[in-house]
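Engineer: I have a structure here, written as structure tokens, and I will follow up with some questions on it.
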Amino acid sequence: MLANAPVTTMLPVVDLDRARRFYEACLGLTPLGQAPDGKYRYAVGGTILALFPKPDGTKADHTAVSFQVADIDTEVAELESRGVVFEDFDRPGLKTEAHVCVLGSEKAAWFKDTEGNWLCIHQDL
């Protein structure tokens with residue numbers, strides 16, 4: 001029933017203007033515009049990413065969105081040049097080198113948006 005339904009990922013933001021600057025300038029997303037209910041929407045790879053104002057922001061300590069990329073090293077360098085700050089980890093089962101770790105059949109790198117949402121880029125191996 002839902003297998004062919006379009007998907008919208010909803011991300012809470014404290015400051016919509018600040019978040020929009022990050023998603024547009026740093027991540028390079030093209031806005032679709034603001035919905036009547038206040039959400040701000042972006043088309044991303046055939047899906048919709050929607051930022052919605054929430055005074056308390058996010059409470060999630062997990063990856064909210066992961067973008068699949070063809071070349072993670074190139075994407076890390078490009079995003080860093082736009083001001084994105086990647087996280088580094090050194091713990092059992094999760095160690096990054098140059099911001100990237102290998103997890104089974106993929107490479108991944110994490111960063112937070114201006115609102116505290118965990119985002120990821122990943123490359124299938």
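Residue names in the structure tokens use chain letters A, B, ... in the order shown, residue numbers from 1 in each chain, and ligand numbers from 1 in the order shown.
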Would you kindly return, as a VMD selection string, each protein, DNA or RNA residue with an atom no farther than 10 Å from any atom of Ala35 in chain A, considering only C-alpha atoms and excluding same-chain residues fewer than 6 positions away?
Structural biologist: chain A and resid 41 50 52
Engineer: Neighbouring residues of Lys39 in chain A were defined as those with any atom within 12 Å, considering only C-alpha atoms; residues of the same chain fewer than 4 positions away were excluded. Please report them as a list of chain:residue names.
Structural biologist: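 Listing them by chain and then by number gives A:Thr8, A:Thr9, A:Met10, A:Leu11, A:Pro12, A:Val13, A:Asp15, A:Leu16, A:Asp17, A:Ala19, A:Arg20, A:Pro31, A:Leu32, A:Gly33, A:Gln34, A:Ala35, A:Ile48, A:Leu49, A:Ala50, A:Leu51, A:Phe52, A:Pro53, A:Lys54.
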Engineer: From the list A:His62, A:His99, A:Arg21, A:Arg82, which residue is nearest Tyr40 in chain A when using only C-alpha atoms?
Structural biologist: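 Once distances to Tyr40 in chain A are computed over only C-alpha atoms, the minimum belongs to A:Arg21.
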Engineer: May I ask which of the residues A:Leu125, A:Ala98, A:Leu103, A:Ala109 is the closest one to Ala70 in chain A, counting only C-alpha atoms?
Structural biologist: A:Leu125
Engineer: For Gly116 in chain A, which residue among A:Met1, A:Val102, A:Val14, A:Thr96 is the nearest when counting only C-alpha atoms?
Structural biologist: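 Of A:Met1, A:Val102, A:Val14, A:Thr96, the one nearest Gly116 in chain A is A:Val14, counting only C-alpha atoms.
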Engineer: Within range 1-113 of chain A, find each residue whose DSSP state, derived from the backbone, is strand (DSSP E), and express the selection as a PDB file with N, CA, C and O atoms, in the first residue's frame.
Structural biologist:
```pdb
ATOM      1  N   THR A   8       8.502  12.020   2.712  1.00  0.00           N
ATOM      2  CA  THR A   8       9.026  13.297   3.182  1.00  0.00           C
ATOM      3  C   THR A   8       9.723  13.059   4.511  1.00  0.00           C
ATOM      4  O   THR A   8       9.119  12.517   5.435  1.00  0.00           O
ATOM      5  N   THR A   9      10.981  13.445   4.603  1.00  0.00           N
ATOM      6  CA  THR A   9      11.714  13.383   5.858  1.00  0.00           C
ATOM      7  C   THR A   9      11.525  14.718   6.559  1.00  0.00           C
ATOM      8  O   THR A   9      11.751  15.774   5.972  1.00  0.00           O
ATOM      9  N   MET A  10      11.110  14.669   7.818  1.00  0.00           N
ATOM     10  CA  MET A  10      10.825  15.872   8.591  1.00  0.00           C
ATOM     11  C   MET A  10      11.941  16.091   9.613  1.00  0.00           C
ATOM     12  O   MET A  10      12.238  15.208  10.406  1.00  0.00           O
ATOM     13  N   LEU A  11      12.556  17.274   9.566  1.00  0.00           N
ATOM     14  CA  LEU A  11      13.604  17.616  10.523  1.00  0.00           C
ATOM     15  C   LEU A  11      13.193  18.840  11.338  1.00  0.00           C
ATOM     16  O   LEU A  11      12.856  19.878  10.765  1.00  0.00           O
ATOM     17  N   PRO A  12      13.240  18.730  12.668  1.00  0.00           N
ATOM     18  CA  PRO A  12      12.904  19.877  13.502  1.00  0.00           C
ATOM     19  C   PRO A  12      14.038  20.893  13.516  1.00  0.00           C
ATOM     20  O   PRO A  12      15.218  20.528  13.514  1.00  0.00           O
ATOM     21  N   VAL A  13      13.684  22.170  13.514  1.00  0.00           N
ATOM     22  CA  VAL A  13      14.671  23.243  13.594  1.00  0.00           C
ATOM     23  C   VAL A  13      14.198  24.309  14.569  1.00  0.00           C
ATOM     24  O   VAL A  13      13.015  24.610  14.643  1.00  0.00           O
ATOM     25  N   PRO A  31      15.754  25.083  -2.668  1.00  0.00           N
ATOM     26  CA  PRO A  31      14.458  25.126  -1.981  1.00  0.00           C
ATOM     27  C   PRO A  31      13.272  24.994  -2.939  1.00  0.00           C
ATOM     28  O   PRO A  31      13.316  25.485  -4.065  1.00  0.00           O
ATOM     29  N   LEU A  32      12.256  24.314  -2.458  1.00  0.00           N
ATOM     30  CA  LEU A  32      10.974  24.257  -3.166  1.00  0.00           C
ATOM     31  C   LEU A  32      10.045  25.351  -2.670  1.00  0.00           C
ATOM     32  O   LEU A  32       9.083  25.691  -3.328  1.00  0.00           O
ATOM     33  N   GLY A  33      10.322  25.860  -1.489  1.00  0.00           N
ATOM     34  CA  GLY A  33       9.489  26.913  -0.924  1.00  0.00           C
ATOM     35  C   GLY A  33       8.876  26.507   0.399  1.00  0.00           C
ATOM     36  O   GLY A  33       9.047  25.392   0.872  1.00  0.00           O
ATOM     37  N   GLN A  34       8.162  27.433   0.955  1.00  0.00           N
ATOM     38  CA  GLN A  34       7.550  27.236   2.256  1.00  0.00           C
ATOM     39  C   GLN A  34       6.106  26.784   2.095  1.00  0.00           C
ATOM     40  O   GLN A  34       5.358  27.350   1.292  1.00  0.00           O
ATOM     41  N   TYR A  40       9.592  24.265   5.518  1.00  0.00           N
ATOM     42  CA  TYR A  40      10.355  24.683   4.348  1.00  0.00           C
ATOM     43  C   TYR A  40      10.861  23.423   3.683  1.00  0.00           C
ATOM     44  O   TYR A  40      11.450  22.569   4.341  1.00  0.00           O
ATOM     45  N   ARG A  41      10.622  23.277   2.374  1.00  0.00           N
ATOM     46  CA  ARG A  41      10.850  22.008   1.690  1.00  0.00           C
ATOM     47  C   ARG A  41      11.954  22.075   0.640  1.00  0.00           C
ATOM     48  O   ARG A  41      12.146  23.107  -0.002  1.00  0.00           O
ATOM     49  N   TYR A  42      12.620  20.915   0.486  1.00  0.00           N
ATOM     50  CA  TYR A  42      13.682  20.747  -0.507  1.00  0.00           C
ATOM     51  C   TYR A  42      13.472  19.414  -1.222  1.00  0.00           C
ATOM     52  O   TYR A  42      13.118  18.421  -0.589  1.00  0.00           O
ATOM     53  N   ALA A  43      13.719  19.392  -2.532  1.00  0.00           N
ATOM     54  CA  ALA A  43      13.706  18.131  -3.286  1.00  0.00           C
ATOM     55  C   ALA A  43      15.115  17.545  -3.198  1.00  0.00           C
ATOM     56  O   ALA A  43      16.094  18.215  -3.494  1.00  0.00           O
ATOM     57  N   VAL A  44      15.199  16.300  -2.754  1.00  0.00           N
ATOM     58  CA  VAL A  44      16.496  15.641  -2.577  1.00  0.00           C
ATOM     59  C   VAL A  44      16.391  14.212  -3.107  1.00  0.00           C
ATOM     60  O   VAL A  44      15.740  13.367  -2.492  1.00  0.00           O
ATOM     61  N   THR A  47      13.014  12.525  -3.212  1.00  0.00           N
ATOM     62  CA  THR A  47      12.214  12.616  -1.994  1.00  0.00           C
ATOM     63  C   THR A  47      12.148  14.084  -1.575  1.00  0.00           C
ATOM     64  O   THR A  47      12.742  14.954  -2.206  1.00  0.00           O
ATOM     65  N   ILE A  48      11.444  14.334  -0.496  1.00  0.00           N
ATOM     66  CA  ILE A  48      11.337  15.695   0.035  1.00  0.00           C
ATOM     67  C   ILE A  48      11.954  15.723   1.433  1.00  0.00           C
ATOM     68  O   ILE A  48      11.714  14.839   2.249  1.00  0.00           O
ATOM     69  N   LEU A  49      12.752  16.744   1.676  1.00  0.00           N
ATOM     70  CA  LEU A  49      13.275  17.022   3.004  1.00  0.00           C
ATOM     71  C   LEU A  49      12.572  18.281   3.474  1.00  0.00           C
ATOM     72  O   LEU A  49      12.599  19.297   2.775  1.00  0.00           O
ATOM     73  N   ALA A  50      11.918  18.208   4.627  1.00  0.00           N
ATOM     74  CA  ALA A  50      11.170  19.351   5.139  1.00  0.00           C
ATOM     75  C   ALA A  50      11.722  19.770   6.499  1.00  0.00           C
ATOM     76  O   ALA A  50      11.889  18.938   7.394  1.00  0.00           O
ATOM     77  N   LEU A  51      12.024  21.037   6.626  1.00  0.00           N
ATOM     78  CA  LEU A  51      12.437  21.619   7.896  1.00  0.00           C
ATOM     79  C   LEU A  51      11.213  22.234   8.534  1.00  0.00           C
ATOM     80  O   LEU A  51      10.485  22.985   7.884  1.00  0.00           O
ATOM     81  N   PHE A  52      10.956  21.889   9.799  1.00  0.00           N
ATOM     82  CA  PHE A  52       9.797  22.484  10.451  1.00  0.00           C
ATOM     83  C   PHE A  52      10.198  23.120  11.770  1.00  0.00           C
ATOM     84  O   PHE A  52      11.006  22.575  12.515  1.00  0.00           O
ATOM     85  N   PRO A  53       9.680  24.316  12.019  1.00  0.00           N
ATOM     86  CA  PRO A  53      10.024  25.025  13.246  1.00  0.00           C
ATOM     87  C   PRO A  53       9.547  24.253  14.480  1.00  0.00           C
ATOM     88  O   PRO A  53       8.399  23.797  14.544  1.00  0.00           O
ATOM     89  N   THR A  63      21.307   9.191  13.581  1.00  0.00           N
ATOM     90  CA  THR A  63      21.320   9.806  12.263  1.00  0.00           C
ATOM     91  C   THR A  63      19.886  10.028  11.794  1.00  0.00           C
ATOM     92  O   THR A  63      19.105   9.088  11.721  1.00  0.00           O
ATOM     93  N   ALA A  64      19.572  11.272  11.474  1.00  0.00           N
ATOM     94  CA  ALA A  64      18.225  11.602  11.009  1.00  0.00           C
ATOM     95  C   ALA A  64      18.106  11.444   9.496  1.00  0.00           C
ATOM     96  O   ALA A  64      17.073  11.019   8.986  1.00  0.00           O
ATOM     97  N   VAL A  65      19.177  11.789   8.775  1.00  0.00           N
ATOM     98  CA  VAL A  65      19.187  11.702   7.310  1.00  0.00           C
ATOM     99  C   VAL A  65      20.578  11.264   6.871  1.00  0.00           C
ATOM    100  O   VAL A  65      21.580  11.751   7.395  1.00  0.00           O
ATOM    101  N   SER A  66      20.624  10.349   5.906  1.00  0.00           N
ATOM    102  CA  SER A  66      21.893   9.951   5.304  1.00  0.00           C
ATOM    103  C   SER A  66      21.775  10.115   3.794  1.00  0.00           C
ATOM    104  O   SER A  66      20.851   9.596   3.177  1.00  0.00           O
ATOM    105  N   PHE A  67      22.709  10.854   3.223  1.00  0.00           N
ATOM    106  CA  PHE A  67      22.738  11.109   1.786  1.00  0.00           C
ATOM    107  C   PHE A  67      23.713  10.126   1.133  1.00  0.00           C
ATOM    108  O   PHE A  67      24.888  10.086   1.511  1.00  0.00           O
ATOM    109  N   GLN A  68      23.246   9.350   0.175  1.00  0.00           N
ATOM    110  CA  GLN A  68      24.132   8.432  -0.537  1.00  0.00           C
ATOM    111  C   GLN A  68      24.912   9.204  -1.593  1.00  0.00           C
ATOM    112  O   GLN A  68      24.329   9.958  -2.375  1.00  0.00           O
ATOM    113  N   ASP A  90      36.475   7.618  17.785  1.00  0.00           N
ATOM    114  CA  ASP A  90      37.479   6.599  18.068  1.00  0.00           C
ATOM    115  C   ASP A  90      36.980   5.780  19.250  1.00  0.00           C
ATOM    116  O   ASP A  90      37.328   6.035  20.398  1.00  0.00           O
ATOM    117  N   ARG A  91      36.115   4.838  18.935  1.00  0.00           N
ATOM    118  CA  ARG A  91      35.566   3.952  19.956  1.00  0.00           C
ATOM    119  C   ARG A  91      35.371   2.577  19.336  1.00  0.00           C
ATOM    120  O   ARG A  91      35.393   2.446  18.109  1.00  0.00           O
ATOM    121  N   LEU A  94      33.639   1.895  15.886  1.00  0.00           N
ATOM    122  CA  LEU A  94      33.425   3.140  15.144  1.00  0.00           C
ATOM    123  C   LEU A  94      34.659   4.028  15.243  1.00  0.00           C
ATOM    124  O   LEU A  94      34.849   4.747  16.225  1.00  0.00           O
ATOM    125  N   LYS A  95      35.520   3.920  14.229  1.00  0.00           N
ATOM    126  CA  LYS A  95      36.733   4.740  14.190  1.00  0.00           C
ATOM    127  C   LYS A  95      36.813   5.404  12.827  1.00  0.00           C
ATOM    128  O   LYS A  95      36.737   4.754  11.799  1.00  0.00           O
ATOM    129  N   CYS A 101      34.594   6.452   8.124  1.00  0.00           N
ATOM    130  CA  CYS A 101      34.805   5.105   8.643  1.00  0.00           C
ATOM    131  C   CYS A 101      34.184   4.095   7.677  1.00  0.00           C
ATOM    132  O   CYS A 101      33.312   4.438   6.872  1.00  0.00           O
ATOM    133  N   VAL A 102      34.660   2.870   7.774  1.00  0.00           N
ATOM    134  CA  VAL A 102      34.100   1.782   6.979  1.00  0.00           C
ATOM    135  C   VAL A 102      33.216   0.955   7.904  1.00  0.00           C
ATOM    136  O   VAL A 102      33.645   0.510   8.968  1.00  0.00           O
ATOM    137  N   LEU A 103      31.959   0.790   7.501  1.00  0.00           N
ATOM    138  CA  LEU A 103      30.992  -0.001   8.259  1.00  0.00           C
ATOM    139  C   LEU A 103      30.446  -1.083   7.337  1.00  0.00           C
ATOM    140  O   LEU A 103      29.539  -0.821   6.546  1.00  0.00           O
ATOM    141  N   GLU A 106      29.775  -0.228   3.512  1.00  0.00           N
ATOM    142  CA  GLU A 106      29.707   1.192   3.170  1.00  0.00           C
ATOM    143  C   GLU A 106      30.733   1.999   3.947  1.00  0.00           C
ATOM    144  O   GLU A 106      31.234   1.564   4.984  1.00  0.00           O
ATOM    145  N   LYS A 107      31.045   3.165   3.411  1.00  0.00           N
ATOM    146  CA  LYS A 107      31.823   4.176   4.116  1.00  0.00           C
ATOM    147  C   LYS A 107      30.843   5.248   4.556  1.00  0.00           C
ATOM    148  O   LYS A 107      29.873   5.527   3.844  1.00  0.00           O
ATOM    149  N   ALA A 108      31.113   5.876   5.706  1.00  0.00           N
ATOM    150  CA  ALA A 108      30.196   6.897   6.204  1.00  0.00           C
ATOM    151  C   ALA A 108      30.964   8.003   6.931  1.00  0.00           C
ATOM    152  O   ALA A 108      32.045   7.776   7.469  1.00  0.00           O
ATOM    153  N   ALA A 109      30.370   9.200   6.919  1.00  0.00           N
ATOM    154  CA  ALA A 109      30.901  10.352   7.649  1.00  0.00           C
ATOM    155  C   ALA A 109      29.710  11.148   8.183  1.00  0.00           C
ATOM    156  O   ALA A 109      28.712  11.313   7.487  1.00  0.00           O
ATOM    157  N   TRP A 110      29.835  11.637   9.425  1.00  0.00           N
ATOM    158  CA  TRP A 110      28.724  12.322  10.083  1.00  0.00           C
ATOM    159  C   TRP A 110      29.048  13.773  10.397  1.00  0.00           C
ATOM    160  O   TRP A 110      30.186  14.133  10.677  1.00  0.00           O
ATOM    161  N   PHE A 111      27.987  14.568  10.420  1.00  0.00           N
ATOM    162  CA  PHE A 111      28.078  15.970  10.826  1.00  0.00           C
ATOM    163  C   PHE A 111      26.715  16.375  11.361  1.00  0.00           C
ATOM    164  O   PHE A 111      25.719  15.685  11.162  1.00  0.00           O
ATOM    165  N   LYS A 112      26.683  17.485  12.082  1.00  0.00           N
ATOM    166  CA  LYS A 112      25.418  18.012  12.596  1.00  0.00           C
ATOM    167  C   LYS A 112      25.059  19.262  11.814  1.00  0.00           C
ATOM    168  O   LYS A 112      25.928  20.026  11.392  1.00  0.00           O
TER     169      LYS A 112
END
```
